[in-house]
$ cat input.json   # JSON, C-alpha atoms
[["chain", "number", "residue", "atom", "x", "y", "z"],
["Z", 1, "MET", "CA", -77.04, -177.00, -44.74],
["Z", 2, "ASN", "CA", -78.18, -177.80, -48.27],
["Z", 3, "LEU", "CA", -74.83, -178.65, -49.86],
["Z", 4, "HIS", "CA", -76.34, -179.38, -53.26],
["Z", 5, "GLN", "CA", -77.81, -175.88, -53.43],
["Z", 6, "TYR", "CA", -74.62, -174.30, -52.09],
["Z", 7, "LEU", "CA", -72.45, -176.05, -54.68],
["Z", 8, "LYS", "CA", -74.87, -175.16, -57.47],
["Z", 9, "GLU", "CA", -74.94, -171.47, -56.56],
["Z", 10, "ARG", "CA", -71.19, -171.20, -56.09],
["Z", 11, "SER", "CA", -70.48, -173.14, -59.28],
["Z", 12, "GLU", "CA", -72.74, -170.82, -61.27],
["Z", 13, "GLN", "CA", -70.96, -167.79, -59.78],
["Z", 14, "VAL", "CA", -67.56, -169.24, -60.68],
["Z", 15, "ASP", "CA", -68.69, -170.10, -64.21],
["Z", 16, "ALA", "CA", -69.96, -166.56, -64.77],
["Z", 17, "ALA", "CA", -66.69, -165.09, -63.49],
["Z", 18, "LEU", "CA", -64.58, -167.46, -65.62],
["Z", 19, "ASP", "CA", -66.55, -166.43, -68.68],
["Z", 20, "ARG", "CA", -65.64, -162.79, -67.90],
["Z", 21, "TYR", "CA", -62.00, -163.44, -67.12],
["Z", 22, "LEU", "CA", -61.12, -165.77, -70.01],
["Z", 23, "PRO", "CA", -60.00, -164.29, -73.33],
["Z", 24, "PRO", "CA", -62.99, -163.79, -75.65],
["Z", 25, "LEU", "CA", -63.43, -166.01, -78.68],
["Z", 26, "ASP", "CA", -63.04, -163.12, -81.10],
["Z", 27, "ALA", "CA", -59.63, -162.07, -79.73],
["Z", 28, "VAL", "CA", -56.47, -163.06, -81.63],
["Z", 29, "PRO", "CA", -55.27, -165.82, -81.58],
["Z", 30, "GLN", "CA", -58.82, -167.12, -81.83],
["Z", 31, "ARG", "CA", -58.01, -170.84, -82.05],
["Z", 32, "LEU", "CA", -56.01, -170.70, -78.82],
["Z", 33, "HIS", "CA", -58.82, -168.94, -77.02],
["Z", 34, "GLU", "CA", -61.32, -171.45, -78.35],
["Z", 35, "ALA", "CA", -59.17, -174.26, -76.94],
["Z", 36, "ILE", "CA", -58.88, -172.49, -73.57],
["Z", 37, "ARG", "CA", -62.60, -171.91, -73.23],
["Z", 38, "TYR", "CA", -63.41, -175.44, -74.44],
["Z", 39, "SER", "CA", -61.68, -177.00, -71.45],
["Z", 40, "VAL", "CA", -62.21, -174.38, -68.75],
["Z", 41, "LEU", "CA", -65.94, -173.97, -69.36],
["Z", 42, "ALA", "CA", -66.60, -177.71, -69.71],
["Z", 43, "PRO", "CA", -68.95, -179.04, -67.02],
["Z", 44, "GLY", "CA", -67.05, -179.67, -63.80],
["Z", 45, "LYS", "CA", -67.31, -179.71, -60.01],
["Z", 46, "ARG", "CA", -65.38, -176.41, -59.59],
["Z", 47, "LEU", "CA", -64.18, -177.84, -56.28],
["Z", 48, "ARG", "CA", -60.98, -175.80, -56.03],
["Z", 49, "PRO", "CA", -62.55, -172.38, -56.63],
["Z", 50, "ILE", "CA", -65.45, -173.27, -54.35],
["Z", 51, "LEU", "CA", -62.95, -174.14, -51.61],
["Z", 52, "VAL", "CA", -61.39, -170.69, -52.03],
["Z", 53, "LEU", "CA", -64.82, -169.08, -51.59],
["Z", 54, "ALA", "CA", -65.79, -171.33, -48.67],
["Z", 55, "SER", "CA", -62.56, -170.73, -46.77],
["Z", 56, "ALA", "CA", -63.02, -166.98, -47.20],
["Z", 57, "GLU", "CA", -66.47, -167.34, -45.64],
["Z", 58, "ALA", "CA", -65.10, -169.49, -42.82],
["Z", 59, "VAL", "CA", -62.90, -166.63, -41.57],
["Z", 60, "GLY", "CA", -65.54, -163.95, -42.01],
["Z", 61, "GLY", "CA", -64.74, -162.77, -45.52],
["Z", 62, "LYS", "CA", -66.96, -162.27, -48.54],
["Z", 63, "PRO", "CA", -66.74, -164.75, -51.43],
["Z", 64, "GLU", "CA", -66.87, -162.05, -54.11],
["Z", 65, "THR", "CA", -63.69, -160.51, -52.67],
["Z", 66, "VAL", "CA", -61.62, -163.57, -53.61],
["Z", 67, "MET", "CA", -63.31, -164.53, -56.90],
["Z", 68, "PRO", "CA", -60.28, -163.70, -59.12],
["Z", 69, "THR", "CA", -58.12, -166.07, -57.09],
["Z", 70, "ALA", "CA", -60.87, -168.70, -57.02],
["Z", 71, "CYS", "CA", -60.96, -168.63, -60.82],
["Z", 72, "ALA", "CA", -57.16, -168.74, -60.91],
["Z", 73, "LEU", "CA", -57.21, -172.06, -59.07],
["Z", 74, "GLU", "CA", -59.58, -173.48, -61.66],
["Z", 75, "CYS", "CA", -57.29, -172.26, -64.44],
["Z", 76, "ILE", "CA", -54.31, -174.04, -62.87],
["Z", 77, "HIS", "CA", -56.35, -177.19, -62.34],
["Z", 78, "VAL", "CA", -57.56, -177.22, -65.95],
["Z", 79, "PHE", "CA", -54.08, -176.53, -67.29],
["Z", 80, "SER", "CA", -52.90, -179.63, -65.42],
["Z", 81, "LEU", "CA", -55.76, -181.72, -66.85],
["Z", 82, "ILE", "CA", -55.06, -180.62, -70.43],
["Z", 83, "HIS", "CA", -51.40, -181.58, -70.05],
["Z", 84, "ASP", "CA", -52.16, -184.82, -68.17],
["Z", 85, "ASP", "CA", -54.36, -185.98, -71.04],
["Z", 86, "LEU", "CA", -51.67, -185.50, -73.71],
["Z", 87, "PRO", "CA", -50.28, -188.61, -75.46],
["Z", 88, "CYS", "CA", -46.89, -188.03, -73.82],
["Z", 89, "MET", "CA", -48.54, -188.27, -70.39],
["Z", 90, "ASP", "CA", -51.73, -190.27, -69.72],
["Z", 91, "ASP", "CA", -52.93, -190.31, -73.36],
["Z", 92, "ASP", "CA", -56.64, -189.98, -72.48],
["Z", 93, "ASP", "CA", -59.39, -189.39, -75.03],
["Z", 94, "TYR", "CA", -62.14, -188.16, -72.70],
["Z", 95, "ARG", "CA", -62.34, -185.66, -69.86],
["Z", 96, "ARG", "CA", -65.42, -184.27, -68.14],
["Z", 97, "GLY", "CA", -67.64, -186.26, -70.47],
["Z", 98, "ARG", "CA", -66.21, -184.89, -73.72],
["Z", 99, "LEU", "CA", -63.20, -185.33, -75.98],
["Z", 100, "THR", "CA", -59.95, -184.14, -74.42],
["Z", 101, "ASN", "CA", -58.44, -180.88, -75.64],
["Z", 102, "HIS", "CA", -55.75, -182.42, -77.82],
["Z", 103, "LYS", "CA", -58.28, -184.68, -79.56],
["Z", 104, "VAL", "CA", -60.16, -181.56, -80.70],
["Z", 105, "PHE", "CA", -57.43, -178.96, -81.17],
["Z", 106, "GLY", "CA", -54.27, -181.01, -81.63],
["Z", 107, "GLU", "CA", -51.34, -181.60, -79.30],
["Z", 108, "ALA", "CA", -49.49, -178.35, -79.92],
["Z", 109, "MET", "CA", -52.56, -176.17, -79.32],
["Z", 110, "ALA", "CA", -53.50, -178.16, -76.22],
["Z", 111, "MET", "CA", -50.04, -177.67, -74.73],
["Z", 112, "LEU", "CA", -50.13, -173.94, -75.46],
["Z", 113, "ALA", "CA", -53.65, -173.64, -74.02],
["Z", 114, "GLY", "CA", -52.37, -175.15, -70.78],
["Z", 115, "ASP", "CA", -49.36, -172.84, -70.75],
["Z", 116, "ALA", "CA", -51.61, -169.82, -71.29],
["Z", 117, "LEU", "CA", -53.94, -170.87, -68.48],
["Z", 118, "GLN", "CA", -51.08, -171.12, -66.00],
["Z", 119, "ALA", "CA", -49.95, -167.60, -66.88],
["Z", 120, "LEU", "CA", -53.52, -166.26, -66.72],
["Z", 121, "ALA", "CA", -53.94, -167.77, -63.26],
["Z", 122, "PHE", "CA", -51.19, -165.64, -61.74],
["Z", 123, "GLU", "CA", -52.47, -162.56, -63.54],
["Z", 124, "LEU", "CA", -55.85, -163.14, -61.87],
["Z", 125, "ILE", "CA", -54.32, -163.60, -58.42],
["Z", 126, "ALA", "CA", -52.40, -160.36, -58.87],
["Z", 127, "ASP", "CA", -55.70, -158.67, -59.79],
["Z", 128, "ASN", "CA", -56.92, -159.45, -56.28],
["Z", 129, "ALA", "CA", -54.57, -156.72, -55.01],
["Z", 130, "ALA", "CA", -57.20, -154.21, -56.16],
["Z", 131, "VAL", "CA", -59.38, -155.15, -53.18],
["Z", 132, "VAL", "CA", -57.04, -157.05, -50.83],
["Z", 133, "ALA", "CA", -53.86, -155.98, -49.05],
["Z", 134, "PRO", "CA", -50.89, -156.64, -51.40],
["Z", 135, "ASP", "CA", -48.92, -158.55, -48.75],
["Z", 136, "ARG", "CA", -51.73, -161.09, -48.54],
["Z", 137, "VAL", "CA", -51.78, -161.43, -52.31],
["Z", 138, "VAL", "CA", -48.03, -162.02, -52.37],
["Z", 139, "ALA", "CA", -48.39, -164.74, -49.71],
["Z", 140, "VAL", "CA", -51.07, -166.44, -51.80],
["Z", 141, "ILE", "CA", -49.02, -166.22, -55.00],
["Z", 142, "LYS", "CA", -46.11, -167.91, -53.24],
["Z", 143, "ARG", "CA", -48.35, -170.60, -51.77],
["Z", 144, "ILE", "CA", -50.08, -171.44, -55.05],
["Z", 145, "ALA", "CA", -46.84, -171.39, -57.06],
["Z", 146, "ASN", "CA", -45.33, -173.80, -54.53],
["Z", 147, "ALA", "CA", -48.38, -176.09, -54.75],
["Z", 148, "ALA", "CA", -48.39, -176.11, -58.55],
["Z", 149, "GLY", "CA", -44.70, -176.73, -59.18],
["Z", 150, "THR", "CA", -41.96, -179.18, -58.33],
["Z", 151, "TRP", "CA", -42.85, -179.15, -54.60],
["Z", 152, "GLY", "CA", -46.48, -179.96, -55.34],
["Z", 153, "MET", "CA", -48.54, -180.98, -58.36],
["Z", 154, "VAL", "CA", -45.74, -181.30, -60.93],
["Z", 155, "GLY", "CA", -43.49, -183.18, -58.52],
["Z", 156, "GLY", "CA", -46.31, -185.57, -57.66],
["Z", 157, "GLN", "CA", -47.01, -186.18, -61.34],
["Z", 158, "VAL", "CA", -43.36, -187.05, -61.95],
["Z", 159, "VAL", "CA", -43.28, -189.63, -59.16],
["Z", 160, "ASP", "CA", -46.62, -190.99, -60.41],
["Z", 161, "ILE", "CA", -45.17, -191.51, -63.89],
["Z", 162, "GLU", "CA", -42.01, -193.08, -62.50],
["Z", 163, "SER", "CA", -44.08, -195.46, -60.36],
["Z", 164, "GLU", "CA", -46.18, -196.95, -63.17],
["Z", 165, "GLY", "CA", -45.79, -200.72, -63.35],
["Z", 166, "LYS", "CA", -43.74, -200.87, -60.14],
["Z", 167, "ASP", "CA", -44.42, -202.17, -56.66],
["Z", 168, "ILE", "CA", -44.17, -199.06, -54.53],
["Z", 169, "SER", "CA", -44.25, -198.39, -50.81],
["Z", 170, "ALA", "CA", -47.12, -196.83, -48.89],
["Z", 171, "GLU", "CA", -44.91, -193.78, -48.33],
["Z", 172, "THR", "CA", -44.39, -193.27, -52.07],
["Z", 173, "LEU", "CA", -48.10, -193.65, -52.76],
["Z", 174, "GLN", "CA", -48.94, -191.06, -50.10],
["Z", 175, "TYR", "CA", -46.30, -188.73, -51.56],
["Z", 176, "ILE", "CA", -47.91, -188.99, -55.01],
["Z", 177, "HIS", "CA", -51.40, -188.26, -53.74],
["Z", 178, "ALA", "CA", -50.38, -185.52, -51.30],
["Z", 179, "HIS", "CA", -48.45, -183.68, -54.00],
["Z", 180, "LYS", "CA", -50.25, -184.43, -57.27],
["Z", 181, "THR", "CA", -53.73, -183.72, -55.89],
["Z", 182, "GLY", "CA", -53.53, -182.63, -52.27],
["Z", 183, "ALA", "CA", -51.16, -179.69, -52.63],
["Z", 184, "LEU", "CA", -53.43, -177.66, -54.91],
["Z", 185, "LEU", "CA", -56.53, -178.47, -52.85],
["Z", 186, "THR", "CA", -54.72, -177.32, -49.70],
["Z", 187, "ALA", "CA", -53.58, -174.15, -51.46],
["Z", 188, "SER", "CA", -57.18, -173.50, -52.52],
["Z", 189, "VAL", "CA", -58.39, -173.74, -48.93],
["Z", 190, "LEU", "CA", -55.63, -171.48, -47.63],
["Z", 191, "ALA", "CA", -55.88, -168.91, -50.42],
["Z", 192, "GLY", "CA", -59.35, -167.63, -49.58],
["Z", 193, "ALA", "CA", -58.59, -167.57, -45.87],
["Z", 194, "ILE", "CA", -55.26, -165.75, -46.23],
["Z", 195, "LEU", "CA", -56.76, -163.11, -48.52],
["Z", 196, "CYS", "CA", -59.50, -162.49, -45.93],
["Z", 197, "GLY", "CA", -57.12, -162.10, -43.00],
["Z", 198, "ALA", "CA", -56.97, -165.53, -41.36],
["Z", 199, "ASP", "CA", -54.68, -165.61, -38.33],
["Z", 200, "ALA", "CA", -51.86, -168.14, -37.88],
["Z", 201, "ALA", "CA", -53.98, -170.61, -35.88],
["Z", 202, "GLN", "CA", -56.75, -170.54, -38.46],
["Z", 203, "GLN", "CA", -54.25, -171.08, -41.27],
["Z", 204, "GLN", "CA", -52.73, -174.08, -39.47],
["Z", 205, "ALA", "CA", -56.16, -175.63, -38.93],
["Z", 206, "LEU", "CA", -57.16, -175.05, -42.55],
["Z", 207, "GLU", "CA", -53.89, -176.53, -43.77],
["Z", 208, "ARG", "CA", -54.65, -179.72, -41.80],
["Z", 209, "TYR", "CA", -58.14, -179.71, -43.30],
["Z", 210, "GLY", "CA", -56.77, -179.25, -46.82],
["Z", 211, "ARG", "CA", -54.24, -182.05, -46.50],
["Z", 212, "SER", "CA", -56.90, -184.44, -45.24],
["Z", 213, "ILE", "CA", -59.46, -183.68, -47.91],
["Z", 214, "GLY", "CA", -56.75, -183.80, -50.56],
["Z", 215, "LEU", "CA", -55.82, -187.35, -49.61],
["Z", 216, "ALA", "CA", -59.47, -188.37, -49.22],
["Z", 217, "PHE", "CA", -60.29, -186.93, -52.64],
["Z", 218, "GLN", "CA", -57.55, -188.85, -54.42],
["Z", 219, "ILE", "CA", -58.38, -192.11, -52.63],
["Z", 220, "ALA", "CA", -61.99, -191.61, -53.70],
["Z", 221, "ASP", "CA", -60.86, -191.03, -57.30],
["Z", 222, "ASP", "CA", -58.79, -194.22, -57.16],
["Z", 223, "ILE", "CA", -61.88, -196.11, -56.02],
["Z", 224, "LEU", "CA", -64.16, -194.53, -58.61],
["Z", 225, "ASP", "CA", -61.75, -195.57, -61.35],
["Z", 226, "ILE", "CA", -62.73, -199.14, -60.42],
["Z", 227, "VAL", "CA", -66.37, -198.92, -59.38],
["Z", 228, "GLY", "CA", -67.51, -195.58, -60.82],
["Z", 229, "ASP", "CA", -70.02, -194.82, -63.55],
["Z", 230, "GLN", "CA", -68.37, -193.38, -66.68],
["Z", 231, "GLU", "CA", -71.39, -191.15, -67.27],
["Z", 232, "LYS", "CA", -70.96, -189.60, -63.82],
["Z", 233, "ILE", "CA", -67.18, -189.30, -63.60],
["Z", 234, "GLY", "CA", -66.79, -188.09, -67.20],
["Z", 235, "LYS", "CA", -63.97, -190.44, -68.24],
["Z", 236, "PRO", "CA", -63.54, -194.19, -68.83],
["Z", 237, "VAL", "CA", -63.28, -196.36, -65.73],
["Z", 238, "GLY", "CA", -60.36, -198.74, -65.38],
["Z", 239, "SER", "CA", -57.80, -196.39, -66.90],
["Z", 240, "ASP", "CA", -55.55, -196.51, -63.79],
["Z", 241, "GLU", "CA", -55.48, -200.29, -63.81],
["Z", 242, "GLY", "CA", -54.87, -200.35, -67.56],
["Z", 243, "LYS", "CA", -51.78, -198.18, -67.10],
["Z", 244, "ASP", "CA", -50.73, -200.10, -63.97],
["Z", 245, "LYS", "CA", -50.77, -196.88, -61.95],
["Z", 246, "ALA", "CA", -50.04, -196.65, -58.24],
["Z", 247, "THR", "CA", -53.38, -196.43, -56.42],
["Z", 248, "TYR", "CA", -54.78, -197.07, -52.96],
["Z", 249, "PRO", "CA", -56.99, -200.01, -54.06],
["Z", 250, "LYS", "CA", -53.98, -201.60, -55.72],
["Z", 251, "LEU", "CA", -51.98, -201.39, -52.49],
["Z", 252, "TYR", "CA", -54.70, -201.82, -49.86],
["Z", 253, "GLY", "CA", -57.81, -203.20, -51.57],
["Z", 254, "LEU", "CA", -61.19, -201.49, -51.96],
["Z", 255, "GLU", "CA", -62.56, -201.84, -48.43],
["Z", 256, "GLU", "CA", -59.43, -200.61, -46.68],
["Z", 257, "SER", "CA", -59.20, -197.75, -49.17],
["Z", 258, "ARG", "CA", -62.77, -196.74, -48.33],
["Z", 259, "ARG", "CA", -61.95, -196.88, -44.62],
["Z", 260, "ARG", "CA", -58.91, -194.67, -45.09],
["Z", 261, "ALA", "CA", -60.87, -192.15, -47.15],
["Z", 262, "HIS", "CA", -63.54, -191.86, -44.44],
["Z", 263, "ALA", "CA", -60.85, -191.54, -41.76],
["Z", 264, "GLU", "CA", -59.28, -188.61, -43.62],
["Z", 265, "VAL", "CA", -62.68, -186.91, -43.86],
["Z", 266, "ALA", "CA", -63.20, -187.33, -40.12],
["Z", 267, "SER", "CA", -59.78, -185.77, -39.54],
["Z", 268, "ALA", "CA", -60.64, -182.87, -41.85],
["Z", 269, "VAL", "CA", -63.89, -182.14, -40.03],
["Z", 270, "ALA", "CA", -62.14, -182.37, -36.65],
["Z", 271, "SER", "CA", -59.58, -179.78, -37.75],
["Z", 272, "LEU", "CA", -62.40, -177.22, -38.08],
["Z", 273, "GLU", "CA", -63.44, -177.57, -34.43],
["Z", 274, "GLY", "CA", -62.40, -174.00, -33.65],
["Z", 275, "PHE", "CA", -64.51, -172.54, -36.44],
["Z", 276, "GLY", "CA", -68.16, -171.60, -36.16],
["Z", 277, "GLU", "CA", -71.17, -172.04, -38.38],
["Z", 278, "ALA", "CA", -69.51, -170.08, -41.19],
["Z", 279, "ALA", "CA", -67.26, -173.11, -41.79],
["Z", 280, "GLU", "CA", -70.20, -175.47, -42.30],
["Z", 281, "PRO", "CA", -69.73, -175.49, -46.11],
["Z", 282, "LEU", "CA", -66.17, -176.74, -45.60],
["Z", 283, "ARG", "CA", -67.42, -179.52, -43.31],
["Z", 284, "ALA", "CA", -70.11, -180.52, -45.80],
["Z", 285, "ILE", "CA", -67.63, -180.50, -48.71],
["Z", 286, "ALA", "CA", -65.33, -182.84, -46.78],
["Z", 287, "ARG", "CA", -68.16, -185.34, -46.33],
["Z", 288, "TYR", "CA", -69.24, -184.97, -49.95],
["Z", 289, "ILE", "CA", -65.80, -186.06, -51.13],
["Z", 290, "VAL", "CA", -66.38, -189.63, -49.95],
["Z", 291, "GLU", "CA", -70.07, -189.75, -50.78],
["Z", 292, "ARG", "CA", -69.52, -189.70, -54.55],
["Z", 293, "ASP", "CA", -70.96, -193.17, -55.24],
["Z", 294, "LEU", "CA", -68.25, -195.01, -53.37]]
$ encode --input "input.json" --output "C-alpha cells"
Amino acid sequence: MNLHQYLKERSEQVDAALDRYLPPLDAVPQRLHEAIRYSVLAPGKRLRPILVLASAEAVGGKPETVMPTACALECIHVFSLIHDDLPCMDDDDYRRGRLTNHKVFGEAMAMLAGDALQALAFELIADNAAVVAPDRVVAVIKRIANAAGTWGMVGGQVVDIESEGKDISAETLQYIHAHKTGALLTASVLAGAILCGADAAQQQALERYGRSIGLAFQIADDILDIVGDQEKIGKPVGSDEGKDKATYPKLYGLEESRRRAHAEVASAVASLEGFGEAAEPLRAIARYIVERDL
C-alpha cells in the first residue's frame, strides 16, 4: 500500500474534523480558544487519531464512524504536550516546529488550554454514542481514561521526572516508555476496534500490537533526540541528554536501541497475523515508526 498517501488523506480528514470540533476563535473566552487551536492545529503526524481510524478499518468498520473519538485522542495527546512543555515540567521552547504554547500565551493560559482539551476529549468520545452502541462507548471511555491517568501517561511522566539524573534499571525504563507513551497509543488502537465491534480475540491481538508499537515509537524518539534533524522532528535535538533523562540509548547504546525498536515492530506485525488485508495500514504504520530517519 502507499502509506504516504494513506497518512496524508487520513491526516487531512482528521484536521478538517478537529477544525469543526474545536471551539471557534470568536467564542468567549477567545484567548483560551486561540491557545487551544494554536497547539491542536499545529502541523503534526496525527498518529493517534489515524490509529483509531485504521483499527476501525481492520475489524471491518468505517473510519468516519469513529472520527469523534479519533479527534479526542489527538486532544488528549496535545493536552499532554502543552503541559509537558511548561517550565515546571520539561521547560521546552519549541514543539512541532513552532514556539510552545506557554511561550506564546503564557503559563496560566497554556495550563488551562490543556485542561480544556482533556475535558473536550471525553465530550467527543461521548458524542460517538450517536452512531455507536453506548456500551462500546463506555468501554472506550474507561480504556482511554485509564491510559491517560495515573495507570498510564501521567504515571509514566511521574516516574520519568523522578528518574532524571539517576541510574535506573531496564525495568524502570520500560515502565516509563510503556506508560508515558505506549498506553495512549495502545488505547488509540483499541478504541477504533472496540467501537466497531471487535471480538475478544481481535482486541487481545490489537493490544499486543499497540504495546509493541508504543515501545518502538518511544525508542525511536529517544534515538531521534540524538541523531535526528531539528527541522524534521520539530524540536531541538539533545534535549533528553541535556536533562539527563532516562532513555534507551543511554542504557543500551544506539545500535542496540535500534535493534530493539525493530524487534518490537516485528512483534507488532506478527500480532496482526489473524487479520486480513484491511489491517495493512496498521502493518505499514508499525514499519513507519522505525523508518523515521533512524
$ residues_around --input "input.json" --residues "Ala56 (chain Z)" --least-positions-apart "4" --cutoff "7 Å" --atoms "all atoms listed in the file" --output "ChimeraX atom specification"
/Z:52,60-63,192-193,196
$ closest_residue --input "input.json" --among "Z:Ala130, Z:Ile161, Z:Leu206, Z:Cys88" --to "Leu173 (chain Z)" --atoms "only C-alpha atoms"
Z:Ile161
$ residues_around --input "input.json" --residues "Tyr248 (chain Z)" --least-positions-apart "2" --cutoff "7 Å" --atoms "all atoms listed in the file" --output "ChimeraX atom specification"
/Z:219,222,250-253,257
$ atom_distance --input "input.json" --atom1 "CA of Asp85 (chain Z)" --atom2 "CA of Leu53 (chain Z)"
27.8 Å
$ closest_residue --input "input.json" --among "Z:Arg10, Z:Lys245, Z:Arg98, Z:Arg258" --to "Cys71 (chain Z)" --atoms "all atoms listed in the file"
Z:Arg10
$ residues_near_point --input "input.json" --point "(-53.2, -176.7, -51.9)" --cutoff "8 Å" --atoms "all atoms listed in the file" --output "NGL selection string"
:Z and (143-144 or 147 or 182-190 or 210-211)
$ closest_residue --input "input.json" --among "Z:Tyr175, Z:Tyr288, Z:Phe275, Z:Phe217" --to "Ala246 (chain Z)" --atoms "all atoms listed in the file"
Z:Tyr175
$ residues_around --input "input.json" --residues "Pro29 (chain Z)" --least-positions-apart "4" --cutoff "12 Å" --atoms "only C-alpha atoms" --output "VMD selection string"
chain Z and resid 23 to 25 33 to 36 109 112 to 113 116
$ atom_distance --input "input.json" --atom1 "CA of Ala191 (chain Z)" --atom2 "CA of Val140 (chain Z)"
5.6 Å
$ axis_aligned_box --input "input.json" --around "region 206-215 of chain Z" --padding-each-side "4 Å" --output "lines of an AutoDock Vina configuration file"
center_x = -56.7
center_y = -181.2
center_z = -46.2
size_x = 13.6
size_y = 20.3
size_z = 16.8
$ closest_residue --input "input.json" --among "Z:Arg287, Z:Arg260, Z:Lys166, Z:Lys142" --to "Tyr209 (chain Z)" --atoms "all atoms listed in the file"
Z:Arg287
$ atom_distance --input "input.json" --atom1 "CA of Glu123 (chain Z)" --atom2 "CA of Glu64 (chain Z)"
17.2 Å
$ residues_around --input "input.json" --residues "His102 (chain Z)" --least-positions-apart "3" --cutoff "8 Å" --atoms "all atoms listed in the file" --output "CSV table (one decimal) with C-alpha atoms, keeping the file's coordinate frame"
chain,number,residue,atom,x,y,z
Z,82,ILE,CA,-55.1,-180.6,-70.4
Z,85,ASP,CA,-54.4,-186.0,-71.0
Z,86,LEU,CA,-51.7,-185.5,-73.7
Z,105,PHE,CA,-57.4,-179.0,-81.2
Z,106,GLY,CA,-54.3,-181.0,-81.6
Z,107,GLU,CA,-51.3,-181.6,-79.3
Z,108,ALA,CA,-49.5,-178.4,-79.9
Z,109,MET,CA,-52.6,-176.2,-79.3
Z,110,ALA,CA,-53.5,-178.2,-76.2
$ closest_residue --input "input.json" --among "Z:Ala139, Z:Ile50, Z:Leu41, Z:Leu99" --to "Gly197 (chain Z)" --atoms "all atoms listed in the file"
Z:Ala139
$ closest_residue --input "input.json" --among "Z:Met153, Z:Val59, Z:Ala126, Z:Ala263" --to "Ala201 (chain Z)" --atoms "only C-alpha atoms"
Z:Val59
$ residues_around --input "input.json" --residues "Phe122 (chain Z)" --least-positions-apart "5" --cutoff "9 Å" --atoms "only C-alpha atoms" --output "list in words"
Thr69, Ala72, Leu117, Asp127, Ile141, Ile144 and Ala145 of chain Z
$ decode --input "input.json" --residues "region 281-292 of chain Z" --atoms "N, CA and C atoms" --output "PDB file, in the first residue's frame"
ATOM      1  N   PRO Z 281      -2.895  -1.088   6.675  1.00  0.00           N
ATOM      2  CA  PRO Z 281      -2.423   0.204   7.193  1.00  0.00           C
ATOM      3  C   PRO Z 281      -1.753   0.085   8.560  1.00  0.00           C
ATOM      4  N   LEU Z 282      -2.286  -0.762   9.435  1.00  0.00           N
ATOM      5  CA  LEU Z 282      -1.655  -0.938  10.740  1.00  0.00           C
ATOM      6  C   LEU Z 282      -0.265  -1.544  10.596  1.00  0.00           C
ATOM      7  N   ARG Z 283      -0.101  -2.502   9.702  1.00  0.00           N
ATOM      8  CA  ARG Z 283       1.214  -3.097   9.483  1.00  0.00           C
ATOM      9  C   ARG Z 283       2.200  -2.056   8.954  1.00  0.00           C
ATOM     10  N   ALA Z 284       1.737  -1.259   8.003  1.00  0.00           N
ATOM     11  CA  ALA Z 284       2.601  -0.248   7.399  1.00  0.00           C
ATOM     12  C   ALA Z 284       2.972   0.837   8.417  1.00  0.00           C
ATOM     13  N   ILE Z 285       2.036   1.210   9.279  1.00  0.00           N
ATOM     14  CA  ILE Z 285       2.321   2.213  10.305  1.00  0.00           C
ATOM     15  C   ILE Z 285       3.375   1.694  11.273  1.00  0.00           C
ATOM     16  N   ALA Z 286       3.303   0.426  11.632  1.00  0.00           N
ATOM     17  CA  ALA Z 286       4.305  -0.161  12.531  1.00  0.00           C
ATOM     18  C   ALA Z 286       5.702  -0.039  11.927  1.00  0.00           C
ATOM     19  N   ARG Z 287       5.818  -0.343  10.639  1.00  0.00           N
ATOM     20  CA  ARG Z 287       7.138  -0.250   9.989  1.00  0.00           C
ATOM     21  C   ARG Z 287       7.600   1.193   9.880  1.00  0.00           C
ATOM     22  N   TYR Z 288       6.659   2.085   9.641  1.00  0.00           N
ATOM     23  CA  TYR Z 288       6.985   3.511   9.505  1.00  0.00           C
ATOM     24  C   TYR Z 288       7.610   4.063  10.780  1.00  0.00           C
ATOM     25  N   ILE Z 289       7.182   3.564  11.919  1.00  0.00           N
ATOM     26  CA  ILE Z 289       7.647   4.068  13.198  1.00  0.00           C
ATOM     27  C   ILE Z 289       9.171   4.018  13.329  1.00  0.00           C
ATOM     28  N   VAL Z 290       9.776   2.965  12.778  1.00  0.00           N
ATOM     29  CA  VAL Z 290      11.239   2.848  12.885  1.00  0.00           C
ATOM     30  C   VAL Z 290      11.943   3.223  11.580  1.00  0.00           C
ATOM     31  N   GLU Z 291      11.225   3.819  10.661  1.00  0.00           N
ATOM     32  CA  GLU Z 291      11.855   4.270   9.427  1.00  0.00           C
ATOM     33  C   GLU Z 291      11.915   5.788   9.368  1.00  0.00           C
ATOM     34  N   ARG Z 292      11.782   6.427  10.535  1.00  0.00           N
ATOM     35  CA  ARG Z 292      11.807   7.890  10.595  1.00  0.00           C
ATOM     36  C   ARG Z 292      13.231   8.399  10.759  1.00  0.00           C
TER      37      ARG Z 292
END
